[in-house]
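Participant: Below: one structure in structure tokens.
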Protein chains: 2
Amino acid sequence: MSDTGMSPKITGELLRQLRQAMKNCKYFSEPIQAYIVPSGDAHQSEYIAPCDCRREFICGFNGSAGTAIVTEQHAALWTDGRYFLQASQQMDNNWTLMKMGLKETPSQEDWLISILPENSKVGVDPWIIAADQWKNMSKALTSAGHSLVAVQDNLIDVVWMDRPERPSTQLRTLGLEYTGMSWQDKITALRTKMTERKVTWFVATALDEIAWLFNLRGADIEYNPVFFAYAIVGMNTIRLFVDLKRLSDPALRDHLQLDSPSKPELSIHTYPYESVYTELQAICAAHSPKDKVWICDKASCALTQVIPKAHRTPIPYTPLCLAKAVKNESEIQGMKMAHIKDAVALCELFAWLEKEIPKGTVTEMSAADKAEELRSQQKEFVGLSFPTISSVGPNGAIIHYRPLPETNRTLSMNEVYLIDSGAQYVDGTTDVTRTVHFGTPSAFEKECFTYVLKGHIAVSAAIFPNGTKGHLLDSFARAALWESGLDYLHGTGHGVGCFLNVHEGPCGISYKTFADEPLEAGMIVSDEPGYYEDGSFGIRIENVVLVVPAQPKYNYRNRGSLTFEPLTLVPIQVKMMNTEMLTQKEREWVNEYHRKCREVIGAELERQGRKEALEWLMRETQPVV
Amino acid sequence: MSDTGMSPKITGELLRQLRQAMKNCKYFSEPIQAYIVPSGDAHQSEYIAPCDCRREFICGFNGSAGTAIVTEQHAALWTDGRYFLQASQQMDNNWTLMKMGLKETPSQEDWLISILPENSKVGVDPWIIAADQWKNMSKALTSAGHSLVAVQDNLIDVVWMDRPERPSTQLRTLGLEYTGMSWQDKITALRTKMTERKVTWFVATALDEIAWLFNLRGADIEYNPVFFAYAIVGMNTIRLFVDLKRLSDPALRDHLQLDSPSKPELSIHTYPYESVYTELQAICAAHSPKDKVWICDKASCALTQVIPKAHRTPIPYTPLCLAKAVKNESEIQGMKMAHIKDAVALCELFAWLEKEIPKGTVTEMSAADKAEELRSQQKEFVGLSFPTISSVGPNGAIIHYRPLPETNRTLSMNEVYLIDSGAQYVDGTTDVTRTVHFGTPSAFEKECFTYVLKGHIAVSAAIFPNGTKGHLLDSFARAALWESGLDYLHGTGHGVGCFLNVHEGPCGISYKTFADEPLEAGMIVSDEPGYYEDGSFGIRIENVVLVVPAQPKYNYRNRGSLTFEPLTLVPIQVKMMNTEMLTQKEREWVNEYHRKCREVIGAELERQGRKEALEWLMRETQPVV
């Protein structure tokens with residue numbers, strides 16, 4: 001996404017300019033004493049386009065999560081455990097790293113209150129702060145005598161001379177064989193939910209929800225097949241806000257029925273991307289007093305506040321988000337196909353690595369490139385689903401590490417290798433992590449790997465009642481590590497889109513009890529516990545798993561039970577296991593998993609004539625006893 | 001607490017009177033269309049005095065949790081899974097039972113919105129609704145065009161002819177040997193926390209917090225050694241609001257230093273209980289603009305709203321609540337002593353039951369009476385800590401069952417017996433559940449008991465990092481049940497007071513992620529998974545456990561680890577276990593637990609010369625293999 005590497009960005013001059021802008025009354029009526037730079041874009045995307053990388057621009061840290069705050073005297077960045085090491089390496093000493101999740105770390109609000117002079121004004125761009133975050137921050141500041149103010153001109157853009165243009169890539173239509181449901185049926189289903197809740201308007205701001213709703217994909221944001229757009233759905237109208245130049249392709253116009261809508265209420269009216277604000281204003285002005293507007297409480301503060309408070313029905317996640325999370329039969333079939341192709345590429349990769357590593361010529365970067373090359377040979381490959389984490393030895397302990405020329409390490413027979421990678425195929429999205437050793441792992445490395453494996457299996461094999469929220473499963477992944485005093489500072493799993501974002505809501509498995517929805521059959525999440533020994537190695541075992549009905553002995557109150565079916569079918573290295581530490585049940589799980597890898601991936605390797613990879617697969621899936 | 005039994009209360013006439021009051025403009029400017037009757041008192045106590053049992057009075061249901069709402073056409077009661085059966089038996093068919101926690105059950109807000117005519121007014125007594133509940137309810141109603149109004153005269157009291165007086169029992173002082181900390185030191189520690197957070201006033205409204213703060217106990221509420229009072233602590237003043245007639249005892253005056261305070265800032269000013277409202281108004285009127293007032297967001301709406309919003313700092317739990325939860329050495333010692341005495345009484349009980357049951361003369365009620373009699377023989381016994389749940393066969397499936405003449409069942413050799421009971425001793429509070437069979441349990445009963453035991457052990461033996469919240473341990477208690485498709489519809493554990501309320505915050509173990517504080521060494525909680533087969537039997541295994549430091553092999557990031565030490569030392573019936581289903585580790589846990597029961601309780605039974613109970617203990621603690 002950017003060239004910023006592991007050497008810190010020099011920010012002294014930039015901060016000087018930003019602080020000058022903070023005092024310049026061209027932008028507001030009174031100077032502000034602090035300026036908040038969130039990491040998102042106007043759609044609160046996790047991955048963002050280069051033009052939206054404002055937080056990275058000002059502080060140098062380019063991880064996916066973090067908030068920078070600049071005051072007259074201080075500059076501080078909040079990020080979570082995945083990024084502590086990376087952030088400390090990418091920022092110069094103008095910046096203080098605030099390690100979220102540690103007891104001693106103040107919240108942004110508490111920190112601001114502790115350092116600001118009385119009656120301070122704290123500025124933020126209302127388009128890139130979510131409405132719920134605005135509300136919390138504003139409340140905390142107000143209660144301490146300060147105030148949060150919306151600064152319409154983004155102050156980072158003011159000092160960012162060579163800021164890139166907003167992308168506008170070609171749109172791709174997806175047919176029923178992939179989506180399983182036409183956009184017309186999705187609109188109708190949405191309207192049914194709106195009627196149930198007596199809601200007359202729905203504002204869609206999340207890019208993946210808009211892509212899913214219209215069965216369209218773009219390439220505006222690297223790794224995420226989305227496009228910049230908004231949508232407003234009423235009971236009889238559909239408004240789509242998008243760069244209108246993108247709508248000239250006849251196949252696309254046909255897909256959206258732009259020229260000959262089947263029914264008036266399914267006719268899509270298109271508007272320029274930027275006009276969403278004024279159009280929403282117009283809708284609200286024409287409101288009947290009883291009209292209710294649904295908008296996600298994670299939508300931008302700017303757009304949310306257009307809707308008069310009495311008409312606004314903020315929701316923690318939208319009906320589209322939930323509908324998108326529960327995959328239909330066509331999507332499940334596509335995800336399975338994508339994971340088979342992905343496993344073929346990874347078997348090839350590992351077979352190749354085993355051969356090449358002894359020569360001492362494979363690096364983290366070249367291994368990542370090889371993985372991409374092998375994936376790209378598979379049918380309907382579109383691109384990667386996130387930057388490959390290819391890390392050797394101590395680099396493996398940097399949880400969201402990405403190899404760069406200045407950190408690039410050679411793979412060897414002496415160090416643990418962790419590769420977390422995935423791809424976008426037209427039929428599905430993948431995300432898999434394997435941790436392997438090409439020589440002889442140490443007893444401690446094996447011990448830690450085995451704890452992580454036990455946690456992975458405990459989640460994957462768990463049976464739990466319908467209606468269980470994912471956060472209730474998180475501790476299963478940690479119990480074996482905890483028993484030995486170990487842990488990992490990230491969640492255990494996230495929702496995975498179908499040829500969409502590799503991270504999606506509203507379900508997941510995490511100790512953080514965000515508003516996660518109960519797991520239900522058809523949802524797809526990752527299962528990825530880990531262990532990281534700073535300065536030494538990193539371990540993570542990640543499968544993408546599908547929520548499926550389970551049939552245990554009893555059925556308490558007819559609630560029904562669920563469990564997981566792994567979609568990822570790539571061998572887990574037996575050499576890294578201390579099999580004596582496994583219970584009989586865990587050994588059986590490993591053997592059954594490897595049997596399925598042989599059966600499904602073996603057949604596909606055979607079909608594709610990839611002999612070496614097939615031999616590697618057979619070697620790596622010998623039963624453990 | 002009341003005579004209301006399992007036959008439904010006839011409520012037709014009462015509802016008619018209440019609905020008349022709802023239209024009577026003597027009480028408000030405009031009639032109200034709905035009236036909410038929460039179950040609490042003005043202190044949001046869980047157990048309440050007879051004069052405060054308004055929800056029970058109007059609907060007949062006398063469980064500890066539930067909210068009644070009466071409209072012109074409807075009357076509905078919301079309660080949770082513990083009480084579904086009981087509530088359905090105690091209410092007549094004027095009432096609709098709303099089963100909380102089931103997907104199809106509407107929330108109170110949604111239900112009101114679905115049935116009320118436009119622009120309705122919903123009334124509630126502002127003293128018995130918590131500020132946070134008021135806020136949520138008010139917001140939901142307002143967004144639907146209705147409004148929530150504070151009705152100063154309680155409308156239940158209007159129709160309640162023979163409402164009892166508010167109790168005013170004798171106060172008991174507790175010395176340092178029990179409390180480990182003088183009230184003066186507690187006040188000083190509180191003021192330190194107030195200074196840290198720049199708070200100048202603290203309003204204490206929870207009865208157990210006030211009792212803990214002043215090292216006093218009362219008997220105003222059955223089972224809870226508390227007294228009706230409020231306290232307001234400033235940086236230099238202490239105001240105690242209590243029936244002034246209670247303060248005549250010289251020892252009490254001396255304890256509180258009422259006549260000769262050691263320092264002016266530790267001088268307690270006493271006021272009548274009722275004057276808290278006007279006194280708080282006076283304090284707020286004299287406020288400096290920077291004064292901040294701490295009040296729990298669970299305090300009454302009436303008292304909270306006295307404090308101007310800008311000065312109010314609502315907190316989910318108070319510093320007293322947290323300080324009280326972490327027991328000091330003297331309190332831990334006291335709790336251990338109380339549990340030893342309690343175990344002696346229970347060993348006596350079980351030995352006696354084994355002898356008496358074959359005669360067919362022991363009933364649920366007589367067994368409960370016997371348990372109370374045996375406890376009362378122990379030193380410093382004060383009373384029970386909650387109504388004894390003594391239940392045979394199908395009655396055991398009613399989670400918070402209490403035997404009454406019309407339901408009283410005879411203990412036999414053929415049915416499972418569940419007894420959940422506890423006591424208040426001057427040195428500590430107990431709460432223990434054992435499930436036993438005096439004949440031969442069925443294979444299914446044993447199977448379920450063993451799942452519950454596995455869950456109990458999984459929590460009790462868990463090792464987890466410092467800073468872990470209790471809700472992250474809840475699934476450990478359920479995993480074995482879930483694997484077979486079973487579950488239980490209540491939390492796994494609650495905080496336990498030290499000669500205080502048997503349920504206290506802010507820690508606990510539950511799938512409900514209430515604002516629970518991280519567990520820390522010195523906290524005391526219960527561990528009580530269960531299984532309930534409606535119409536057949538109930539199983540629960542409950543110990544009170546102390547959070548203690550653990551010393552696992554590693555110490556990740558120097559965070560330290562914690563585990564639990566059982567304070568309850570009463571044998572768990574081996575006859576109910578299917579020992580083949582236990583792992584080696586679980587068998588070792590059972591044997592080590594029983595070894596400790598023998599060692600500690602055996603010695604005390606010996607000392608007290610209770611031979612039969614000692615023989616029973618030795619028989620029941622044979623190692624399992």
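Following the order of the structure tokens, chains are lettered A, B, ..., residues in each are numbered from 1, and ligands are numbered from 1.
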Step one, run DSSP on the backbone; step two, keep only residues of range 306-452 of chain B assigned to helix (DSSP H, G or I); then write them as a PyMOL selection string.

Facilitator: chain B and resi 309-311+319-325+329-359+364-376+393-397+443-452

Participant: Apply DSSP to the structure's backbone, then extract all residues of range 378-423 of chain A labelled strand (DSSP E) and return them as number ranges by chain.

Facilitator: A: 381-384, 389-392, 416-421, 423

Participant: Let's have the selection written as a CSV table (one decimal), in the first residue's frame, with all heavy atoms.

Facilitator:
chain,number,residue,atom,x,y,z
A,381,PHE,N,-8.4,-16.4,-10.5
A,381,PHE,CA,-7.6,-15.6,-9.5
A,381,PHE,C,-7.7,-14.2,-9.8
A,381,PHE,O,-7.6,-13.8,-11.0
A,381,PHE,CB,-6.1,-16.1,-9.6
A,381,PHE,CG,-5.2,-15.2,-8.8
A,381,PHE,CD1,-5.0,-15.4,-7.4
A,381,PHE,CD2,-4.5,-14.1,-9.4
A,381,PHE,CE1,-4.1,-14.6,-6.7
A,381,PHE,CE2,-3.6,-13.4,-8.7
A,381,PHE,CZ,-3.4,-13.6,-7.3
A,382,VAL,N,-8.0,-13.3,-8.8
A,382,VAL,CA,-8.1,-11.9,-9.1
A,382,VAL,C,-6.9,-11.1,-8.5
A,382,VAL,O,-6.4,-10.2,-9.1
A,382,VAL,CB,-9.4,-11.4,-8.4
A,382,VAL,CG1,-9.5,-9.8,-8.6
A,382,VAL,CG2,-10.6,-12.0,-9.1
A,383,GLY,N,-6.5,-11.5,-7.3
A,383,GLY,CA,-5.4,-10.8,-6.6
A,383,GLY,C,-5.3,-11.4,-5.2
A,383,GLY,O,-6.0,-12.3,-4.8
A,384,LEU,N,-4.4,-10.8,-4.4
A,384,LEU,CA,-4.3,-11.2,-3.0
A,384,LEU,C,-5.4,-10.6,-2.2
A,384,LEU,O,-6.0,-9.6,-2.6
A,384,LEU,CB,-2.9,-10.8,-2.4
A,384,LEU,CG,-1.7,-11.4,-3.1
A,384,LEU,CD1,-0.4,-11.0,-2.4
A,384,LEU,CD2,-1.8,-12.9,-3.3
A,389,ILE,N,2.0,-12.1,4.8
A,389,ILE,CA,2.9,-12.0,5.9
A,389,ILE,C,3.8,-13.2,5.8
A,389,ILE,O,3.3,-14.4,5.9
A,389,ILE,CB,2.1,-12.1,7.3
A,389,ILE,CG1,1.2,-10.9,7.4
A,389,ILE,CG2,3.1,-12.2,8.4
A,389,ILE,CD1,0.2,-11.0,8.5
A,390,SER,N,5.0,-13.0,5.4
A,390,SER,CA,6.0,-14.0,5.2
A,390,SER,C,7.1,-13.7,6.1
A,390,SER,O,7.8,-12.7,5.9
A,390,SER,CB,6.4,-14.0,3.7
A,390,SER,OG,7.5,-14.9,3.4
A,391,SER,N,7.3,-14.5,7.2
A,391,SER,CA,8.2,-14.1,8.2
A,391,SER,C,9.0,-15.2,8.8
A,391,SER,O,8.5,-16.3,9.0
A,391,SER,CB,7.4,-13.4,9.3
A,391,SER,OG,6.4,-14.2,9.8
A,392,VAL,N,10.3,-14.9,9.0
A,392,VAL,CA,11.2,-15.9,9.4
A,392,VAL,C,11.7,-15.5,10.8
A,392,VAL,O,12.0,-14.3,11.1
A,392,VAL,CB,12.5,-16.0,8.5
A,392,VAL,CG1,13.6,-16.9,9.1
A,392,VAL,CG2,12.0,-16.5,7.1
A,416,VAL,N,12.0,-20.9,12.5
A,416,VAL,CA,10.6,-21.1,12.2
A,416,VAL,C,10.1,-20.1,11.1
A,416,VAL,O,10.5,-19.0,11.1
A,416,VAL,CB,9.7,-20.8,13.5
A,416,VAL,CG1,8.2,-20.9,13.2
A,416,VAL,CG2,10.1,-21.9,14.6
A,417,TYR,N,9.3,-20.6,10.2
A,417,TYR,CA,8.8,-19.8,9.1
A,417,TYR,C,7.3,-19.7,9.2
A,417,TYR,O,6.6,-20.8,9.3
A,417,TYR,CB,9.2,-20.4,7.7
A,417,TYR,CG,8.6,-19.6,6.6
A,417,TYR,CD1,8.9,-18.3,6.4
A,417,TYR,CD2,7.8,-20.2,5.6
A,417,TYR,CE1,8.4,-17.6,5.3
A,417,TYR,CE2,7.2,-19.6,4.6
A,417,TYR,CZ,7.5,-18.2,4.4
A,417,TYR,OH,7.0,-17.5,3.3
A,418,LEU,N,6.7,-18.5,9.2
A,418,LEU,CA,5.3,-18.3,9.4
A,418,LEU,C,4.8,-17.6,8.1
A,418,LEU,O,5.3,-16.5,7.7
A,418,LEU,CB,5.0,-17.5,10.6
A,418,LEU,CG,3.5,-17.1,10.9
A,418,LEU,CD1,3.4,-16.8,12.4
A,418,LEU,CD2,2.9,-16.0,10.1
A,419,ILE,N,3.8,-18.2,7.4
A,419,ILE,CA,3.2,-17.5,6.2
A,419,ILE,C,1.7,-17.4,6.4
A,419,ILE,O,1.0,-18.4,6.5
A,419,ILE,CB,3.7,-18.1,4.9
A,419,ILE,CG1,3.0,-17.4,3.7
A,419,ILE,CG2,3.4,-19.6,4.9
A,419,ILE,CD1,3.6,-17.7,2.4
A,420,ASP,N,1.2,-16.2,6.4
A,420,ASP,CA,-0.2,-15.9,6.5
A,420,ASP,C,-0.6,-15.2,5.2
A,420,ASP,O,-0.1,-14.1,4.9
A,420,ASP,CB,-0.4,-15.0,7.7
A,420,ASP,CG,-1.9,-14.7,8.0
A,420,ASP,OD1,-2.7,-15.0,7.1
A,420,ASP,OD2,-2.2,-14.0,9.0
A,421,SER,N,-1.4,-15.8,4.4
A,421,SER,CA,-1.6,-15.3,3.1
A,421,SER,C,-3.0,-15.7,2.6
A,421,SER,O,-3.7,-16.6,3.2
A,421,SER,CB,-0.6,-15.8,2.1
A,421,SER,OG,-0.7,-17.3,2.1
A,423,ALA,N,-6.1,-15.1,-1.0
A,423,ALA,CA,-6.3,-14.5,-2.3
A,423,ALA,C,-7.8,-14.3,-2.5
A,423,ALA,O,-8.6,-14.8,-1.8
A,423,ALA,CB,-5.8,-15.5,-3.4

Participant: Check every residue of chain B for an atom within 6 Å of chain A, counting only C-alpha atoms, and provide those that qualify as a PyMOL selection string.

Facilitator: chain B and resi 463-464+482-486+552-556

Participant: Identify, on the basis of only C-alpha atoms, every residue whose closest approach to Asn414 in chain A does not exceed 10 Å; exclude the query and any residue fewer than 3 positions from it along the same chain; express the result as a list in words.

Facilitator: Val392, Gly393, Leu411, Tyr417, His437, Phe438, Gly439, Thr440, Pro441 and Ser442 of chain A

Participant: Given the selection you just returned, output its residues as a file containing all heavy atoms, formatted as a short mmCIF file (atom, residue, chain, number, x, y, z; two decimals), in the first residue's frame.

Facilitator:
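Done, and the output landed in again17.cif:
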data_model
loop_
_atom_site.label_atom_id
_atom_site.label_comp_id
_atom_site.auth_asym_id
_atom_site.auth_seq_id
_atom_site.Cartn_x
_atom_site.Cartn_y
_atom_site.Cartn_z
N VAL A 392 10.31 -14.91 8.96
CA VAL A 392 11.25 -15.92 9.44
C VAL A 392 11.72 -15.51 10.84
O VAL A 392 11.99 -14.34 11.09
CB VAL A 392 12.47 -15.99 8.50
CG1 VAL A 392 13.55 -16.89 9.09
CG2 VAL A 392 12.04 -16.49 7.13
N GLY A 393 11.85 -16.50 11.71
CA GLY A 393 12.43 -16.28 13.04
C GLY A 393 11.82 -15.09 13.75
O GLY A 393 10.59 -15.00 13.88
N LEU A 411 15.13 -17.53 4.33
CA LEU A 411 14.58 -18.73 4.97
C LEU A 411 15.71 -19.74 5.16
O LEU A 411 16.55 -19.89 4.28
CB LEU A 411 13.47 -19.36 4.11
CG LEU A 411 12.06 -18.77 4.30
CD1 LEU A 411 11.99 -17.34 3.78
CD2 LEU A 411 11.02 -19.64 3.61
N TYR A 417 9.31 -20.63 10.18
CA TYR A 417 8.78 -19.80 9.11
C TYR A 417 7.26 -19.73 9.23
O TYR A 417 6.59 -20.76 9.34
CB TYR A 417 9.17 -20.38 7.74
CG TYR A 417 8.60 -19.62 6.56
CD1 TYR A 417 8.91 -18.27 6.37
CD2 TYR A 417 7.75 -20.25 5.64
CE1 TYR A 417 8.37 -17.56 5.29
CE2 TYR A 417 7.22 -19.55 4.55
CZ TYR A 417 7.53 -18.21 4.39
OH TYR A 417 7.01 -17.51 3.34
N HIS A 437 8.80 -25.59 10.02
CA HIS A 437 10.24 -25.58 10.24
C HIS A 437 10.84 -26.52 9.20
O HIS A 437 10.32 -27.62 8.99
CB HIS A 437 10.56 -26.06 11.66
CG HIS A 437 11.90 -25.60 12.14
ND1 HIS A 437 13.09 -26.06 11.62
CD2 HIS A 437 12.24 -24.71 13.12
CE1 HIS A 437 14.10 -25.47 12.25
NE2 HIS A 437 13.61 -24.63 13.16
N PHE A 438 11.91 -26.07 8.54
CA PHE A 438 12.50 -26.89 7.48
C PHE A 438 13.68 -27.71 7.98
O PHE A 438 14.24 -28.51 7.26
CB PHE A 438 12.88 -26.02 6.28
CG PHE A 438 11.69 -25.37 5.64
CD1 PHE A 438 11.33 -24.07 5.93
CD2 PHE A 438 10.89 -26.10 4.76
CE1 PHE A 438 10.22 -23.48 5.37
CE2 PHE A 438 9.77 -25.52 4.19
CZ PHE A 438 9.42 -24.21 4.49
N GLY A 439 14.06 -27.44 9.26
CA GLY A 439 15.11 -28.25 9.87
C GLY A 439 14.53 -28.96 11.07
O GLY A 439 13.53 -29.66 10.95
N THR A 440 15.14 -28.75 12.23
CA THR A 440 14.66 -29.40 13.45
C THR A 440 14.23 -28.33 14.45
O THR A 440 15.07 -27.59 14.96
CB THR A 440 15.78 -30.27 14.08
OG1 THR A 440 16.26 -31.15 13.06
CG2 THR A 440 15.24 -31.08 15.24
N PRO A 441 12.92 -28.22 14.71
CA PRO A 441 12.46 -27.20 15.67
C PRO A 441 12.94 -27.53 17.09
O PRO A 441 13.15 -28.70 17.41
CB PRO A 441 10.93 -27.30 15.59
CG PRO A 441 10.63 -28.64 15.00
CD PRO A 441 11.81 -29.02 14.17
N SER A 442 13.11 -26.50 17.90
CA SER A 442 13.52 -26.71 19.29
C SER A 442 12.33 -27.26 20.09
O SER A 442 11.18 -27.15 19.66
CB SER A 442 13.96 -25.39 19.92
OG SER A 442 12.84 -24.56 20.16
#

Participant: Need the shell around range 274-287 of chain A: protein/DNA/RNA residues with any atom at most 7 Å away, counting only C-alpha atoms. Skip same-chain ones fewer than 4 positions apart. Format as a PyMOL selection string?

Facilitator: chain A and resi 230+241+291+303+306-307

Participant: Take the residues just selected and output them with N, CA and C atoms as a PDB file, in the first residue's frame.

Facilitator:
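As written to disk, out.pdb reads:
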ATOM      1  N   TYR A 230     -22.002   5.113  -2.418  1.00  0.00           N
ATOM      2  CA  TYR A 230     -23.017   5.107  -1.358  1.00  0.00           C
ATOM      3  C   TYR A 230     -24.303   4.614  -1.997  1.00  0.00           C
ATOM      4  N   PHE A 241     -24.802   6.177  -5.590  1.00  0.00           N
ATOM      5  CA  PHE A 241     -23.881   7.306  -5.725  1.00  0.00           C
ATOM      6  C   PHE A 241     -22.513   6.766  -6.075  1.00  0.00           C
ATOM      7  N   ASP A 291     -41.187   9.261   9.147  1.00  0.00           N
ATOM      8  CA  ASP A 291     -40.153   8.516   8.428  1.00  0.00           C
ATOM      9  C   ASP A 291     -38.953   8.220   9.327  1.00  0.00           C
ATOM     10  N   LEU A 303     -22.269  12.259   7.615  1.00  0.00           N
ATOM     11  CA  LEU A 303     -23.479  11.800   6.940  1.00  0.00           C
ATOM     12  C   LEU A 303     -24.591  11.513   7.943  1.00  0.00           C
ATOM     13  N   VAL A 306     -26.616  14.512   9.034  1.00  0.00           N
ATOM     14  CA  VAL A 306     -27.560  15.086   8.066  1.00  0.00           C
ATOM     15  C   VAL A 306     -28.992  14.691   8.454  1.00  0.00           C
ATOM     16  N   ILE A 307     -29.096  13.474   9.006  1.00  0.00           N
ATOM     17  CA  ILE A 307     -30.434  12.964   9.337  1.00  0.00           C
ATOM     18  C   ILE A 307     -30.861  13.555  10.682  1.00  0.00           C
TER      19      ILE A 307
END

Participant: Provide the CA of Val159 in chain A to CA of Ile115 in chain A distance in Å, to one decimal place.

Facilitator: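 Separating CA of Val159 in chain A from CA of Ile115 in chain A is a distance of 24.8 Å.
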
Participant: For CA of Thr579 in chain A and CA of Cys448 in chain A, determine how far apart the two atoms are, in Å to one decimal place.

Facilitator: 12.1 Å

Participant: Considering only C-alpha atoms, return as a list in words whatever protein or nucleic-acid residues lie within 8 Å of Leu252 in chain B, sequence-local ones (same chain, fewer than 4 positions apart) excluded.

Facilitator: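 The contact residues come out as Leu171, Arg172, Thr173, Leu247, Ser248 and Leu256 of chain B.
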
Participant: Would you mind exporting the chosen residues as an mmCIF file, in the first residue's frame, restricted to N, CA, C and O atoms?

Facilitator:
data_model
loop_
_atom_site.group_PDB
_atom_site.id
_atom_site.type_symbol
_atom_site.label_atom_id
_atom_site.label_comp_id
_atom_site.auth_asym_id
_atom_site.auth_seq_id
_atom_site.Cartn_x
_atom_site.Cartn_y
_atom_site.Cartn_z
ATOM 1 N N LEU B 171 -28.360 -1.923 64.784
ATOM 2 C CA LEU B 171 -27.109 -1.977 64.020
ATOM 3 C C LEU B 171 -26.029 -2.687 64.832
ATOM 4 O O LEU B 171 -25.965 -2.572 66.053
ATOM 5 N N ARG B 172 -25.163 -3.407 64.103
ATOM 6 C CA ARG B 172 -24.082 -4.169 64.715
ATOM 7 C C ARG B 172 -22.749 -3.588 64.228
ATOM 8 O O ARG B 172 -22.607 -3.312 63.033
ATOM 9 N N THR B 173 -21.806 -3.365 65.130
ATOM 10 C CA THR B 173 -20.493 -2.857 64.710
ATOM 11 C C THR B 173 -19.552 -4.036 64.501
ATOM 12 O O THR B 173 -19.633 -5.039 65.200
ATOM 13 N N LEU B 247 -29.258 5.398 66.296
ATOM 14 C CA LEU B 247 -27.893 5.796 66.656
ATOM 15 C C LEU B 247 -27.730 6.074 68.145
ATOM 16 O O LEU B 247 -26.794 6.752 68.559
ATOM 17 N N SER B 248 -28.605 5.505 68.973
ATOM 18 C CA SER B 248 -28.517 5.834 70.399
ATOM 19 C C SER B 248 -27.530 4.941 71.157
ATOM 20 O O SER B 248 -26.969 5.337 72.173
ATOM 21 N N LEU B 256 -18.556 4.905 65.522
ATOM 22 C CA LEU B 256 -18.611 5.936 64.471
ATOM 23 C C LEU B 256 -17.975 7.251 64.923
ATOM 24 O O LEU B 256 -17.936 8.214 64.150
#

Participant: So what do you get for CA of Gly60 in chain B versus CA of Pro529 in chain B, distance-wise?

Facilitator: 28.7 Å
